[in-house]
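Shown here: model-v7.cif, mmCIF, C-alpha atoms.
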```
data_entry
#
loop_
_atom_site.label_atom_id
_atom_site.label_comp_id
_atom_site.auth_asym_id
_atom_site.auth_seq_id
_atom_site.Cartn_x
_atom_site.Cartn_y
_atom_site.Cartn_z
CA MET A 274 14.86 23.14 -9.05
CA ALA A 275 11.29 24.27 -9.67
CA ALA A 276 10.28 20.78 -10.82
CA VAL A 277 11.91 19.10 -7.81
CA THR A 278 10.36 21.55 -5.38
CA SER A 279 6.94 21.06 -6.96
CA VAL A 280 7.20 17.27 -6.84
CA MET A 281 8.25 17.35 -3.20
CA ARG A 282 5.48 19.76 -2.24
CA VAL A 283 2.85 17.73 -4.13
CA GLN A 284 4.06 14.62 -2.29
CA GLN A 285 3.36 16.40 1.01
CA ILE A 286 -0.09 17.49 -0.19
CA LEU A 287 -0.98 13.98 -1.40
CA GLN A 288 0.33 12.36 1.78
CA SER A 289 -1.74 14.72 3.93
CA ALA A 290 -4.91 14.13 1.89
CA VAL A 291 -4.53 10.35 1.93
CA ASP A 292 -3.63 10.28 5.64
CA THR A 293 -6.73 12.34 6.41
CA ALA A 294 -8.92 9.95 4.40
CA LEU A 295 -7.40 6.87 6.05
CA ARG A 296 -7.39 8.19 9.63
CA PRO A 297 -11.08 7.31 10.35
CA HIS A 298 -10.22 3.71 9.38
CA ASN A 299 -7.29 3.67 11.84
CA LEU A 300 -4.88 3.09 8.95
CA THR A 301 -1.63 4.64 7.85
CA PHE A 302 -0.73 4.65 4.17
CA ALA A 303 1.84 1.89 4.78
CA ARG A 304 -0.75 -0.33 6.47
CA TYR A 305 -3.28 0.45 3.73
CA GLU A 306 -0.73 -0.44 1.03
CA ALA A 307 -0.03 -3.77 2.73
CA LEU A 308 -3.73 -4.63 2.89
CA VAL A 309 -4.23 -3.66 -0.76
CA LEU A 310 -1.27 -5.82 -1.77
CA LEU A 311 -2.67 -8.81 0.10
CA SER A 312 -6.18 -8.26 -1.24
CA PHE A 313 -4.85 -8.30 -4.81
CA SER A 314 -2.76 -11.44 -4.31
CA ARG A 315 -4.11 -14.65 -5.83
CA ARG A 316 -4.60 -16.45 -2.51
CA GLY A 317 -4.95 -13.45 -0.22
CA SER A 318 -1.57 -14.25 1.31
CA LEU A 319 2.09 -13.59 0.61
CA PRO A 320 5.41 -14.35 2.27
CA MET A 321 6.65 -11.41 4.32
CA ARG A 322 9.79 -11.21 2.17
CA VAL A 323 7.68 -10.82 -0.97
CA MET A 324 5.61 -8.12 0.72
CA GLY A 325 8.81 -6.23 1.52
CA ASP A 326 10.05 -6.53 -2.06
CA ARG A 327 6.78 -5.36 -3.58
CA LEU A 328 6.28 -2.53 -1.10
CA GLN A 329 9.99 -1.64 -1.28
CA LEU A 330 10.34 -1.77 2.49
CA HIS A 331 13.02 -3.03 4.85
CA PRO A 332 12.10 -6.35 6.54
CA THR A 333 11.85 -4.61 9.93
CA SER A 334 9.27 -2.19 8.53
CA VAL A 335 7.23 -5.05 7.09
CA THR A 336 7.32 -6.83 10.46
CA ASN A 337 6.10 -3.69 12.23
CA ILE A 338 3.27 -3.17 9.72
CA VAL A 339 2.19 -6.81 9.96
CA ASP A 340 2.36 -6.70 13.76
CA ARG A 341 -0.05 -3.74 13.85
CA LEU A 342 -2.40 -5.26 11.27
CA GLU A 343 -2.38 -8.55 13.17
CA GLN A 344 -3.19 -6.79 16.46
CA ASP A 345 -6.27 -5.34 14.74
CA ASP A 346 -7.28 -8.78 13.35
CA LEU A 347 -6.84 -7.54 9.76
CA VAL A 348 -4.20 -10.15 8.88
CA ARG A 349 -2.85 -13.34 10.41
CA ARG A 350 0.46 -15.13 10.12
CA VAL A 351 0.18 -18.69 8.83
CA PRO A 352 2.82 -21.33 8.14
CA HIS A 353 3.77 -21.82 4.51
CA PRO A 354 2.34 -25.18 3.35
CA THR A 355 5.60 -26.41 1.77
CA ASP A 356 8.41 -24.27 3.24
CA ARG A 357 8.74 -24.42 7.02
CA ARG A 358 11.18 -21.48 6.96
CA THR A 359 8.57 -19.14 5.47
CA THR A 360 5.67 -17.41 7.16
CA LEU A 361 2.76 -16.18 5.09
CA VAL A 362 0.71 -13.12 5.89
CA GLU A 363 -2.95 -13.69 5.09
CA ILE A 364 -5.65 -11.02 4.94
CA THR A 365 -8.72 -11.73 7.07
CA ASP A 366 -12.34 -11.06 6.17
CA GLU A 367 -12.17 -8.03 8.46
CA GLY A 368 -9.10 -6.85 6.53
CA ARG A 369 -10.90 -7.26 3.21
CA ASP A 370 -13.88 -5.27 4.50
CA LEU A 371 -11.66 -2.51 5.83
CA VAL A 372 -9.55 -2.19 2.69
CA LYS A 373 -12.77 -1.88 0.67
CA ARG A 374 -14.07 0.95 2.88
CA ALA A 375 -10.68 2.67 3.01
CA THR A 376 -10.37 2.48 -0.78
CA GLU A 377 -13.75 4.15 -1.11
CA SER A 378 -12.50 6.95 1.15
CA VAL A 379 -9.29 7.61 -0.77
CA THR A 380 -11.08 7.27 -4.10
CA GLU A 381 -13.62 9.91 -3.02
CA ILE A 382 -10.76 12.40 -2.72
CA ASP A 383 -9.03 11.17 -5.91
CA PHE A 384 -6.08 10.11 -3.74
CA GLY A 385 -5.44 13.82 -3.28
CA LEU A 386 -4.98 14.46 -7.01
CA ARG A 387 -7.49 17.30 -7.19
CA GLY A 388 -7.33 19.70 -10.11
CA VAL A 389 -6.09 17.30 -12.79
CA THR A 390 -7.99 15.24 -15.33
CA GLU A 391 -7.76 11.49 -15.68
CA ARG A 392 -5.61 11.93 -18.80
CA GLN A 393 -3.30 14.33 -16.96
CA THR A 394 -3.01 11.83 -14.13
CA GLN A 395 -1.94 9.20 -16.68
CA GLN A 396 0.61 11.60 -18.16
CA LEU A 397 1.96 12.45 -14.72
CA THR A 398 2.29 8.76 -13.88
CA GLU A 399 4.14 8.13 -17.16
CA LEU A 400 6.55 11.04 -16.59
CA LEU A 401 7.28 10.09 -13.00
CA GLY A 402 7.65 6.47 -14.12
CA ARG A 403 10.45 7.52 -16.47
CA VAL A 404 12.33 9.13 -13.58
CA ARG A 405 11.78 6.07 -11.40
CA HIS A 406 12.86 3.72 -14.19
CA ALA A 407 16.02 5.73 -14.87
CA ALA A 408 16.86 5.50 -11.15
CA GLY A 409 16.40 1.70 -11.23
CA ASP A 410 13.23 1.83 -9.13
CA PHE A 411 11.46 -0.80 -11.25
#
```

Rewritten as structure tokens:
Amino acid sequence: MAAVTSVMRVQQILQSAVDTALRPHNLTFARYEALVLLSFSRRGSLPMRVMGDRLQLHPTSVTNIVDRLEQDDLVRRVPHPTDRRTTLVEITDEGRDLVKRATESVTEIDFGLRGVTERQTQQLTELLGRVRHAAGDF
């Protein structure tokens, strides 16, 4: 129980720290994650279905995130070049600039992971990864 309570409380602390760092950029963590995913993709674009799979989100949530990002000119929907049934989401130059600035902000606060070393962060990631793997999260 102590481990579960600690993990849940740390999640709240991390979420608050990251939200605070992203707020000046008018981003939520979900929107930030989507921009990061697109910025790391080979072509700067992905099908919405793939975004949902990689972000582990319901299609409706992906649509809502993309709608908001598109309203802010951070992404655009484009037709897939070979599959008319598929819409790609493509990051814009403005989106790339914003994700760079937002990443600097969350990196400055160590994504909220204050008080632990880099090695401890790696250990924590490995331990939590085991739990996630056992639950079929990967």

Could you pull the residues within 12 Å of segment 325-335 of chain A, counting only C-alpha atoms, minus those fewer than 4 positions along the same chain, as a PDB file with C-alpha atoms, in the frame of the given file?
```pdb
ATOM      1  CA  PHE A 302      -0.730   4.650   4.170  1.00  0.00           C
ATOM      2  CA  ALA A 303       1.840   1.890   4.780  1.00  0.00           C
ATOM      3  CA  ARG A 304      -0.750  -0.330   6.470  1.00  0.00           C
ATOM      4  CA  TYR A 305      -3.280   0.450   3.730  1.00  0.00           C
ATOM      5  CA  GLU A 306      -0.730  -0.440   1.030  1.00  0.00           C
ATOM      6  CA  ALA A 307      -0.030  -3.770   2.730  1.00  0.00           C
ATOM      7  CA  LEU A 308      -3.730  -4.630   2.890  1.00  0.00           C
ATOM      8  CA  VAL A 309      -4.230  -3.660  -0.760  1.00  0.00           C
ATOM      9  CA  LEU A 310      -1.270  -5.820  -1.770  1.00  0.00           C
ATOM     10  CA  LEU A 311      -2.670  -8.810   0.100  1.00  0.00           C
ATOM     11  CA  SER A 314      -2.760 -11.440  -4.310  1.00  0.00           C
ATOM     12  CA  LEU A 319       2.090 -13.590   0.610  1.00  0.00           C
ATOM     13  CA  PRO A 320       5.410 -14.350   2.270  1.00  0.00           C
ATOM     14  CA  MET A 321       6.650 -11.410   4.320  1.00  0.00           C
ATOM     15  CA  VAL A 339       2.190  -6.810   9.960  1.00  0.00           C
ATOM     16  CA  ASP A 340       2.360  -6.700  13.760  1.00  0.00           C
ATOM     17  CA  ARG A 341      -0.050  -3.740  13.850  1.00  0.00           C
ATOM     18  CA  LEU A 342      -2.400  -5.260  11.270  1.00  0.00           C
ATOM     19  CA  GLU A 343      -2.380  -8.550  13.170  1.00  0.00           C
ATOM     20  CA  VAL A 362       0.710 -13.120   5.890  1.00  0.00           C
ATOM     21  CA  ASP A 410      13.230   1.830  -9.130  1.00  0.00           C
ATOM     22  CA  PHE A 411      11.460  -0.800 -11.250  1.00  0.00           C
TER      23      PHE A 411
END
```

message: Residues within 9 Å of segment 277-284 of chain A, please, as a list in words. Count all atoms listed in the file; anything in the same chain fewer than 4 positions from it doesn't count.
response: Gln288, Ser289 and Leu386 of chain A

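Closest approach to Arg322 of chain A among A:Thr360, A:Thr376, A:Thr293, A:Thr301: A:Thr360, based on all atoms listed in the file.
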
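Residues with any atom within 10 Å of Leu361 of chain A, counting all atoms listed in the file and excluding same-chain neighbours fewer than 4 positions away, are Gly317, Ser318, Leu319, Pro320, Met321, Arg322, Val323, Met324, Val348, Arg349, Arg350, Val351, Pro352, His353 and Pro354 of chain A.
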
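Of the residues listed (A:Arg374, A:Arg357, A:Arg369, A:Arg316), A:Arg374 shows the shortest atom-to-atom separation from Pro297 of chain A; distances use all atoms listed in the file.
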
message: Just to confirm, what's the straight-line distance from atom CA of Asp370 of chain A to atom CA of Asp383 of chain A in Å (one decimal)?
response: 20.1 Å

statement: As a check of understanding: the span from atom CA of Val372 of chain A to atom CA of Ser312 of chain A is 8.0 Å

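Proximity ranking of A:Leu400, A:Ala290, A:Ile382, A:Leu300 relative to Gly368 of chain A places A:Leu300 first, based on all atoms listed in the file.
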
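Atom CA of Ile286 of chain A sits 15.5 Å away from atom CA of Thr380 of chain A.
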
message: I'd like the contact shell of Ala294 of chain A - 6 Å cut-off, only C-alpha atoms, skipping same-chain residues fewer than 3 positions apart - returned as a ChimeraX atom specification.
response: /A:291,378-379

Next, write the just-selected residues to a file, as a short mmCIF file (atom, residue, chain, number, x, y, z; two decimals), in the coordinates of the input, keeping C-alpha atoms as the atom set.
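In the end it all went to out_38.cif:
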```cif
data_model
loop_
_atom_site.label_atom_id
_atom_site.label_comp_id
_atom_site.auth_asym_id
_atom_site.auth_seq_id
_atom_site.Cartn_x
_atom_site.Cartn_y
_atom_site.Cartn_z
CA VAL A 291 -4.53 10.35 1.93
CA SER A 378 -12.50 6.95 1.15
CA VAL A 379 -9.29 7.61 -0.77
#
```

Generate N, CA, C and O atoms for segment 370-393 of chain A and emit them as a compact mmCIF listing (two decimals), in the coordinates of the input.
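Saved result, out.txt, follows:
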```txt
# COMPACT_ATOMS: atom_id res chain seq x y z
N ASP A 370 -12.82 -6.27 4.32
CA ASP A 370 -13.88 -5.27 4.50
C ASP A 370 -13.30 -3.88 4.71
O ASP A 370 -13.76 -2.91 4.12
N LEU A 371 -12.26 -3.81 5.53
CA LEU A 371 -11.66 -2.51 5.83
C LEU A 371 -10.97 -1.92 4.60
O LEU A 371 -11.11 -0.72 4.33
N VAL A 372 -10.25 -2.73 3.86
CA VAL A 372 -9.55 -2.19 2.69
C VAL A 372 -10.57 -1.69 1.65
O VAL A 372 -10.34 -0.69 0.98
N LYS A 373 -11.73 -2.34 1.58
CA LYS A 373 -12.77 -1.88 0.67
C LYS A 373 -13.29 -0.50 1.10
O LYS A 373 -13.40 0.42 0.28
N ARG A 374 -13.58 -0.34 2.38
CA ARG A 374 -14.07 0.95 2.88
C ARG A 374 -13.01 2.04 2.76
O ARG A 374 -13.30 3.17 2.38
N ALA A 375 -11.77 1.69 3.09
CA ALA A 375 -10.68 2.67 3.01
C ALA A 375 -10.44 3.09 1.56
O ALA A 375 -10.19 4.27 1.28
N THR A 376 -10.55 2.15 0.64
CA THR A 376 -10.37 2.48 -0.78
C THR A 376 -11.46 3.42 -1.25
O THR A 376 -11.19 4.36 -2.02
N GLU A 377 -12.67 3.22 -0.78
CA GLU A 377 -13.75 4.15 -1.11
C GLU A 377 -13.42 5.55 -0.61
O GLU A 377 -13.64 6.54 -1.31
N SER A 378 -12.85 5.64 0.58
CA SER A 378 -12.50 6.95 1.15
C SER A 378 -11.41 7.66 0.36
O SER A 378 -11.53 8.86 0.09
N VAL A 379 -10.36 6.95 -0.02
CA VAL A 379 -9.29 7.61 -0.77
C VAL A 379 -9.69 7.87 -2.22
O VAL A 379 -9.24 8.83 -2.83
N THR A 380 -10.58 7.04 -2.74
CA THR A 380 -11.08 7.27 -4.10
C THR A 380 -11.97 8.51 -4.14
O THR A 380 -11.93 9.28 -5.11
N GLU A 381 -12.76 8.71 -3.09
CA GLU A 381 -13.62 9.91 -3.02
C GLU A 381 -12.82 11.20 -3.12
O GLU A 381 -13.32 12.20 -3.64
N ILE A 382 -11.59 11.19 -2.65
CA ILE A 382 -10.76 12.40 -2.72
C ILE A 382 -9.75 12.31 -3.86
O ILE A 382 -8.78 13.07 -3.92
N ASP A 383 -9.94 11.38 -4.78
CA ASP A 383 -9.03 11.17 -5.91
C ASP A 383 -7.59 10.98 -5.45
O ASP A 383 -6.66 11.47 -6.10
N PHE A 384 -7.40 10.32 -4.32
CA PHE A 384 -6.08 10.11 -3.74
C PHE A 384 -5.32 11.42 -3.57
O PHE A 384 -4.10 11.46 -3.57
N GLY A 385 -6.06 12.51 -3.46
CA GLY A 385 -5.44 13.82 -3.28
C GLY A 385 -5.10 14.53 -4.58
O GLY A 385 -4.63 15.65 -4.57
N LEU A 386 -5.33 13.89 -5.70
CA LEU A 386 -4.98 14.46 -7.01
C LEU A 386 -6.09 15.36 -7.54
O LEU A 386 -6.58 15.17 -8.66
N ARG A 387 -6.47 16.35 -6.77
CA ARG A 387 -7.49 17.30 -7.19
C ARG A 387 -6.91 18.25 -8.23
O ARG A 387 -5.73 18.59 -8.19
N GLY A 388 -7.75 18.67 -9.16
CA GLY A 388 -7.33 19.70 -10.11
C GLY A 388 -6.71 19.17 -11.39
O GLY A 388 -6.28 19.97 -12.22
N VAL A 389 -6.62 17.85 -11.54
CA VAL A 389 -6.09 17.30 -12.79
C VAL A 389 -7.08 16.29 -13.35
O VAL A 389 -7.82 15.64 -12.61
N THR A 390 -7.09 16.18 -14.66
CA THR A 390 -7.99 15.24 -15.33
C THR A 390 -7.41 13.83 -15.26
O THR A 390 -6.24 13.64 -14.90
N GLU A 391 -8.22 12.87 -15.65
CA GLU A 391 -7.76 11.49 -15.68
C GLU A 391 -6.58 11.34 -16.65
O GLU A 391 -5.60 10.67 -16.36
N ARG A 392 -6.69 11.99 -17.80
CA ARG A 392 -5.61 11.93 -18.80
C ARG A 392 -4.33 12.57 -18.25
O ARG A 392 -3.23 12.05 -18.43
N GLN A 393 -4.46 13.68 -17.55
CA GLN A 393 -3.30 14.33 -16.96
C GLN A 393 -2.67 13.46 -15.88
O GLN A 393 -1.45 13.42 -15.74
```
